[in-house]
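Inspection log for the structure reproduced underneath, given as structure tokens.
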Amino acid sequence: MLNQLIDTKDQQFTFESHGVTLDCMRLDLAGYVAFHVKFSSNRRPLTIARAKGMNAPFFWTSIPEGRQKEAEGVGKLIEEYLLEKE
Amino acid sequence: MCYFNGQKVAREEFIRLKHLEKLVAKYDFLNRDAIVGFDFSPIAVLKPIPDKEDFEIVQMEWGFLPDALKWPFVETRQQAFNMRRGYTDSRGKFQQPLNFLNAVSEELLQPNKVYRKAALDNRCIILSTGFYDWRHIHPLNKRTGQPLKTAVKYPYRVNVKGKEYFFMAGIWQQWSDAETGETVDTCSIITTEANLVMEQIHNSKRRMPTMLTDDLAWEWMFEKLPKQRISEIAKWQIPWQNLSYYTIAKDFLSSTDPTKEFVYPELPPLDIPGQEKQQQGQIELFQ
């Protein structure tokens with residue numbers, strides 16, 4: 001269900017978490033889905049995507065590399081938002 | 001196995017993520033459903049980084065331009081344009097176009113062949129989500145019952161089953177314009193003998209791109225290969241069972257969605273031994 005939500009949900013959505021507004025844009029790039037996230041705080045915008053891991057079915061990762069921890073956290077928030085909204 | 005952001009991922013996933021990096025960085029980059037070879041436009045290429053088992057995803061001009069010092073001695077953009085389109089020379093003789101879009105695997109390493117040096121030193125992988133070829137059907141003359149000379153051409157989109165994208169063997173060459181100093185990487189896609197499916201779709205030439213497995217693509221890009229192995233990989237035929245295909249509209253190149261299936265009721269299905277005749281227009285013959 002989550003996969004479907006991620007692949008087909010709105011192109012653009014906004015939600016709030018811990019007092020910060022996350023402005024998310026879904027990017028469809030030649031069959032790939034990624035999210036570009038802008039924050040109301042000072043945090044730099046972040047692009048994340050789900051990847052297939054060797055040890056886990058999926059994990060969130062930053063595109064480009066370098067912001068893995070943030071990607072995991074923000075990815076989880078997006079998942080929660082989409083599931084809750086549904 | 002590779003690492004992306006410190007996480008273990010398979011090679012294929014690593015390549016997918018690297019591809020995504022580029023797409024995100026350049027946004028309108030690569031996101032094209034149909035590229036016409038005769039436009040000599042940029043395509044997405046995995047280019048090995050020298051002395052590393054790593055690559056970058058770059059755009060290259062599809063249409064190999066050989067070193068200017070070698071035949072056909074293309075030194076300027078105008079000469080490249082003339083060579084690709086054909087031109088009338090100073091003696092009034094029309095010179096046939098040479099596009100170098102595809103490199104024939106069987107001839108790749110022949111002495112003096114234009115692609116030889118690149119095949120030895122500059123191998124790359126061309127990324128594709130699907131390619132197009134035309135099946136030629138000769139309708140029967142209603143009066144004589146004989147096939148007409150002019151064929152009706154039906155376009156097909158072909159890709160690799162279960163893959164969002166796949167790898168085609170390629171070679172590349174950096175080329176510089178002697179007048180302007182412009183430098184560009186150009187490439188050519190290797191072709192091999194068509195397999196059972198492709199010999200029926202691309203039935204006018206019976207050729208297909210050399211589509212590689214992940215491991216062969218890796219070997220093609222990174223290994224120091226003897227000539228025989230280069231030739232073997234270049235000629236490798238993807239099993240026909242791995243291909244999926246369907247027909248698309250004849251005007252697909254001007255369509256907003258060139259990948260959309262279009263069924264031609266009059267078109268007979270491909271002849272696949274061991275398979276029951278499929279209904280006309282069915283997408284997957286090999287499920």
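We label chains A, B, ... in the order they appear in the structure tokens, count residues from 1 in each chain, and number ligands from 1 in the order shown.
The list of residues with at least one atom within 10 Å of Glu12 in chain B, based on only C-alpha atoms and without residues fewer than 4 positions apart in the same chain, reads Lys52 of chain A; Met1, Cys2, Arg16, Leu17, Lys18, Lys163, Tyr165, Phe166, Thr213, Asp214 and Asp215 of chain B.
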How would the residues just chosen look if you wrote them out with C-alpha atoms as a PDB file, in the first residue's frame?
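Wrote it out as selection.pdb, contents follow:
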ATOM      1  CA  LYS A  52      16.523  -1.535  -2.373  1.00  0.00           C
TER       2      LYS A  52
ATOM      3  CA  MET B   1      27.971  -5.392  -4.349  1.00  0.00           C
ATOM      4  CA  CYS B   2      28.319  -1.623  -3.843  1.00  0.00           C
ATOM      5  CA  ARG B  16      19.812   3.141 -10.648  1.00  0.00           C
ATOM      6  CA  LEU B  17      20.632   5.482  -7.783  1.00  0.00           C
ATOM      7  CA  LYS B  18      23.529   7.044  -9.643  1.00  0.00           C
ATOM      8  CA  LYS B 163      13.724  -3.984 -16.000  1.00  0.00           C
ATOM      9  CA  TYR B 165      16.005   0.218 -17.881  1.00  0.00           C
ATOM     10  CA  PHE B 166      18.747  -1.885 -19.373  1.00  0.00           C
ATOM     11  CA  THR B 213      23.342  -8.347 -18.319  1.00  0.00           C
ATOM     12  CA  ASP B 214      24.545  -6.399 -15.281  1.00  0.00           C
ATOM     13  CA  ASP B 215      27.674  -8.526 -15.040  1.00  0.00           C
TER      14      ASP B 215
END
Inset, instruction - Write out as a count of residues only all residues of chain A that DSSP puts in helix (DSSP H, G or I) for this structure's backbone. - result: 25
Inset, instruction - Skip Arg43 in chain A itself and residues of its chain fewer than 4 positions away, then list as a PyMOL selection string all residues within 12 Å of it, counting only C-alpha atoms. - result: chain A and resi 20-22+37-39+67+70+74
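We find CA of Val263 in chain B and CA of Phe167 in chain B to be spaced 27.5 Å apart.
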Find the nearest atom pair between each residue of chain B and chain A for residues within 6 Å, count only C-alpha atoms, give distances in Å to one decimal, sort rows by chain and ascending number, and present the table as a Markdown table.
| residue | atom | partner | partner_atom | distance |
| --- | --- | --- | --- | --- |
| B:Asn5 | CA | A:Glu65 | CA | 5.2 |
| B:Lys8 | CA | A:Met54 | CA | 5.4 |
| B:Val9 | CA | A:Gly53 | CA | 4.8 |
| B:Glu21 | CA | A:Pro64 | CA | 5.3 |
| B:Asn31 | CA | A:Ala30 | CA | 5.1 |
